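**Student:** You'll find my_file-v9.txt just under this line, and it carries compact mmCIF, C-alpha atoms and all ligand atoms.
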# COMPACT_ATOMS: atom_id res chain seq x y z
CA MET A 1 -1.79 -28.42 -9.63
CA LYS A 2 -5.27 -27.28 -8.61
CA ASP A 3 -6.43 -26.21 -5.17
CA CYS A 4 -8.12 -28.83 -3.01
CA ASN A 5 -11.78 -29.11 -4.02
CA SER A 6 -12.84 -30.81 -0.76
CA CYS A 7 -13.79 -34.05 -2.52
CA GLY A 8 -13.24 -35.86 0.80
CA LYS A 9 -11.41 -38.85 -0.68
CA CYS A 10 -8.35 -38.44 1.56
CA CYS A 11 -10.38 -38.17 4.79
CA THR A 12 -12.51 -41.13 3.76
CA LYS A 13 -9.51 -43.27 2.90
CA TYR A 14 -7.31 -42.55 5.90
CA SER A 15 -9.75 -41.99 8.75
CA ASN A 16 -10.26 -45.74 9.18
CA GLY A 17 -7.08 -46.27 11.21
CA GLY A 18 -4.69 -44.50 8.84
CA LEU A 19 -4.31 -41.35 10.91
CA SER A 20 -2.44 -40.58 14.09
CA ALA A 21 -2.34 -37.77 16.62
CA THR A 22 0.62 -36.64 18.68
CA ALA A 23 0.69 -36.74 22.48
CA SER A 24 0.55 -32.94 22.60
CA GLU A 25 -2.46 -32.83 20.26
CA ILE A 26 -4.27 -35.33 22.46
CA GLU A 27 -3.35 -33.38 25.58
CA PHE A 28 -4.68 -30.19 23.99
CA TRP A 29 -7.96 -31.90 23.07
CA ASP A 30 -8.23 -33.35 26.59
CA ILE A 31 -8.03 -29.89 28.10
CA CYS A 32 -9.61 -27.61 25.50
CA ARG A 33 -11.68 -29.81 23.15
CA PRO A 34 -13.04 -32.73 25.20
CA GLU A 35 -15.56 -33.52 22.45
CA ILE A 36 -12.61 -34.39 20.18
CA ALA A 37 -10.80 -36.31 22.94
CA HIS A 38 -13.97 -38.37 23.21
CA TYR A 39 -12.95 -40.13 19.99
CA VAL A 40 -9.42 -40.98 21.19
CA ASP A 41 -8.66 -44.31 22.81
CA ALA A 42 -5.21 -45.39 24.02
CA GLY A 43 -3.64 -42.68 21.85
CA LYS A 44 -5.47 -43.79 18.71
CA ILE A 45 -7.95 -41.87 16.54
CA TRP A 46 -10.82 -42.03 15.58
CA MET A 47 -12.27 -44.54 18.01
CA SER A 48 -15.86 -45.23 19.00
CA PRO A 49 -16.66 -43.68 22.40
CA ASP A 50 -19.16 -46.53 22.90
CA ASP A 51 -17.00 -49.63 22.43
CA GLY A 52 -13.46 -48.28 21.85
CA ARG A 53 -13.29 -49.81 18.37
CA GLN A 54 -11.86 -48.11 15.30
CA LEU A 55 -14.54 -46.11 13.48
CA ALA A 56 -14.94 -46.73 9.77
CA LEU A 57 -15.15 -43.01 9.07
CA CYS A 58 -13.89 -39.87 10.79
CA PRO A 59 -16.69 -38.44 12.98
CA TRP A 60 -15.73 -34.89 11.92
CA LEU A 61 -16.20 -35.37 8.19
CA ASN A 62 -19.32 -33.47 7.15
CA LYS A 63 -20.96 -33.62 3.73
CA VAL A 64 -22.06 -30.26 2.38
CA PRO A 65 -25.80 -30.65 1.69
CA GLY A 66 -26.59 -30.83 -2.02
CA GLU A 67 -22.93 -30.84 -3.05
CA ASN A 68 -20.35 -33.52 -3.61
CA LYS A 69 -18.10 -31.77 -1.13
CA TYR A 70 -16.96 -32.46 2.43
CA LEU A 71 -15.79 -30.20 5.22
CA CYS A 72 -13.82 -30.92 8.38
CA GLY A 73 -15.80 -30.17 11.54
CA ILE A 74 -12.61 -29.55 13.56
CA TYR A 75 -10.64 -27.84 10.81
CA TYR A 76 -8.52 -25.55 13.01
CA ASP A 77 -7.90 -28.24 15.64
CA ARG A 78 -7.47 -31.23 13.32
CA PRO A 79 -4.33 -33.33 13.77
CA ASP A 80 -1.14 -32.42 11.93
CA ASP A 81 -1.43 -35.72 10.11
CA CYS A 82 -4.50 -34.25 8.37
CA LYS A 83 -2.92 -30.80 7.94
CA TYR A 84 0.14 -32.18 6.14
CA TYR A 85 -1.79 -34.09 3.48
CA PRO A 86 -0.94 -34.40 0.60
CA VAL A 87 2.79 -35.03 0.96
CA THR A 88 3.89 -36.63 -2.30
CA ILE A 89 2.68 -36.87 -5.88
CA GLU A 90 2.87 -40.68 -5.63
CA GLN A 91 0.48 -40.57 -2.69
CA MET A 92 -1.89 -38.26 -4.58
CA VAL A 93 -1.90 -40.60 -7.58
CA ALA A 94 -2.60 -43.59 -5.36
CA ASP A 95 -5.42 -41.70 -3.63
CA ASP A 96 -6.86 -40.26 -6.85
CA CYS A 97 -6.51 -36.78 -5.32
CA GLU A 98 -8.42 -34.24 -7.39
CA MET A 99 -5.75 -31.56 -7.05
CA LEU A 100 -3.77 -33.36 -9.73
CA GLU A 101 -3.90 -32.21 -13.35
CA VAL A 102 -2.74 -34.02 -16.48
CA LYS A 103 0.38 -31.83 -16.60
CA ASP A 104 1.28 -32.96 -13.06
CA LEU A 105 1.20 -36.58 -14.16
CA GLN A 106 3.34 -35.74 -17.17
CA ASN A 107 5.95 -33.94 -15.05
CA PRO A 108 5.82 -35.30 -11.48
CA ARG A 109 9.06 -33.59 -10.43
CA GLN A 110 7.67 -30.15 -11.24
CA ALA A 111 4.34 -31.18 -9.70
CA GLN A 112 6.12 -32.05 -6.42
CA LYS A 113 7.72 -28.58 -6.41
CA ASP A 114 4.32 -26.98 -7.03
CA LEU A 115 2.80 -29.06 -4.23
CA ASP A 116 5.58 -28.16 -1.79
CA LYS A 117 5.00 -24.47 -2.55
CA LEU A 118 1.25 -24.82 -2.10
CA MET A 119 1.69 -26.62 1.23
CA ILE A 120 4.39 -24.36 2.64
CA ASP A 121 2.10 -22.86 5.31
CA SER A 122 0.68 -26.23 6.35
CA ARG A 123 3.89 -28.09 7.01
CA PRO A 124 6.45 -27.69 9.78
CA ALA A 125 9.44 -25.44 9.04
CA LEU A 126 12.62 -27.30 8.12
CA GLU A 127 15.38 -27.13 10.73
S1 LIG B 201 -10.17 -34.66 11.28
FE1 LIG B 201 -10.91 -33.45 9.57
S2 LIG B 201 -9.25 -33.48 8.07
FE2 LIG B 201 -8.89 -35.19 9.52
S3 LIG B 201 -9.88 -37.01 8.63
FE3 LIG B 201 -11.39 -36.00 9.95
S4 LIG B 201 -12.56 -34.64 8.61
FE4 LIG B 201 -10.65 -35.19 7.55
S1 LIG B 202 -8.26 -36.04 -2.09
FE1 LIG B 202 -7.16 -34.17 -2.70
S2 LIG B 202 -8.73 -32.82 -3.61
FE2 LIG B 202 -9.80 -34.41 -2.43
S3 LIG B 202 -10.11 -33.47 -0.39
FE3 LIG B 202 -8.19 -34.65 -0.31
S4 LIG B 202 -6.57 -33.12 -0.78
FE4 LIG B 202 -8.53 -32.26 -1.44
Would it be possible to restate this file's structure as structure tokens?
**Tutor:**
Amino acid sequence: MKDCNSCGKCCTKYSNGGLSATASEIEFWDICRPEIAHYVDAGKIWMSPDDGRQLALCPWLNKVPGENKYLCGIYYDRPDDCKYYPVTIEQMVADDCEMLEVKDLQNPRQAQKDLDKLMIDSRPALE
């Protein structure tokens, strides 16, 4: 399992209606980050502030000039839905996530353990 290389595939795939934000995240944005709240409509993200329609691409996804790499413009205040990705090896395979190595495909059970370890600080603590 490699570290994330910021290829941007996950953001590109899910930002078109595949992401959600919690009520408390939206409340936080309303109060402290109104520029983010601007892209929320009826509890949904990422919506056009002009016509309220679903955007095709997350407005916070920024391409690094001259590199095939993308960065999140609201990294520290992005929704948990973004923070928790990737969750399963199956999902990573389906999304062609570039963290995967050949050995992960050969031993998905071990790969899931490696992923869980890697993501331990990004996910909520188990009760
Ligand atoms: S908020 Fe950030 S992490 Fe989430 S889809 Fe947009 S660019 Fe990606
Ligand atoms: S698809 Fe995988 S490697 Fe690419 S940005 Fe998302 S988590 Fe990182």
**Student:** Rank A:Arg78, A:Ala111, A:Val93, A:Lys103 by their smallest atom-to-atom distance to Arg33 of chain A, using only C-alpha atoms, and report the top residue only.
**Tutor:**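 Ranking A:Arg78, A:Ala111, A:Val93, A:Lys103 by distance to Arg33 of chain A, first place goes to A:Arg78.
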**Student:** Which is closest to Tyr85 of chain A among A:Cys10, A:Val40, A:Leu71, A:Ala21, if we use all atoms listed in the file?
**Tutor:**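 Answer, going by the shortest atom-to-atom distance: A:Cys10.
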**Student:** Quick check, in Å to one decimal: how far apart do atom FE3 of ligand LIG 201 (chain B) and atom CA of Asp77 of chain A lie?
**Tutor:** 10.2 Å
**Student:** Please determine, counting all atoms listed in the file, which residue among A:Gly73, A:Gly17, A:Pro65, A:Pro108 has the shortest atom-to-atom distance to ligand LIG 201 (chain B).
**Tutor:** A:Gly73
**Student:** Counting all atoms listed in the file, which residue out of A:Thr88, A:Asn62, A:Ser24, A:Ser122 sits closest to ligand LIG 201 (chain B)?
**Tutor:**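 Counting all atoms listed in the file, the residue closest to ligand LIG 201 (chain B) is A:Asn62.
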**Student:** Rank A:Glu101, A:Asp41, A:Asp80, A:Glu35 by their smallest atom-to-atom distance to ligand LIG 201 (chain B), using all atoms listed in the file, and report the top residue only.
**Tutor:**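 Ranked by minimum distance to ligand LIG 201 (chain B), first place goes to A:Asp80.
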**Student:** Taking only C-alpha atoms and all ligand atoms into account, which of A:Val64, A:Leu55, A:Ile45, A:Cys82 comes nearest ligand LIG 201 (chain B)?
**Tutor:**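 The closest residue to ligand LIG 201 (chain B) is A:Cys82.
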**Student:** Just the residues within 9 Å of Ile74 of chain A, please, counting only C-alpha atoms, with nothing from its chain fewer than 4 positions along; format it as a PyMOL selection string.
**Tutor:** chain A and resi 36+60-61+78
**Student:** Calculate, to one decimal in Å, the centre and edge lengths of the box along x, y and z of the file that holds all listed atoms of segment 76-80 of chain A with 5 Å of margin on each side, and present them as AutoDock Vina command-line options.
**Tutor:**
--center_x -4.8 --center_y -29.4 --center_z 13.8 --size_x 17.4 --size_y 17.8 --size_z 13.7
**Student:** Neighbours of ligand LIG 202 (chain B) at 8 Å or closer, counting all atoms listed in the file: which residues, as a PyMOL selection string?
**Tutor:** chain A and resi 3-11+70+85-86+92+95-100
**Student:** Give me, please, the distance in Å between atom CA of Pro49 of chain A and atom CA of Ser15 of chain A, quoted to one decimal.
**Tutor:**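 For atom CA of Pro49 of chain A relative to atom CA of Ser15 of chain A, the distance reads 15.4 Å.
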**Student:** To one decimal place, how far is atom CA of Leu115 of chain A from atom CA of Val87 of chain A in Å?
**Tutor:**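 These atoms are spaced 7.9 Å apart.
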**Student:** Could you pull out every residue with an atom within 12 Å of (-16.1, -49.7, 24.2), file coordinates, counting all atoms listed in the file, and send them as a ChimeraX atom specification?
**Tutor:** /A:38-42,47-55
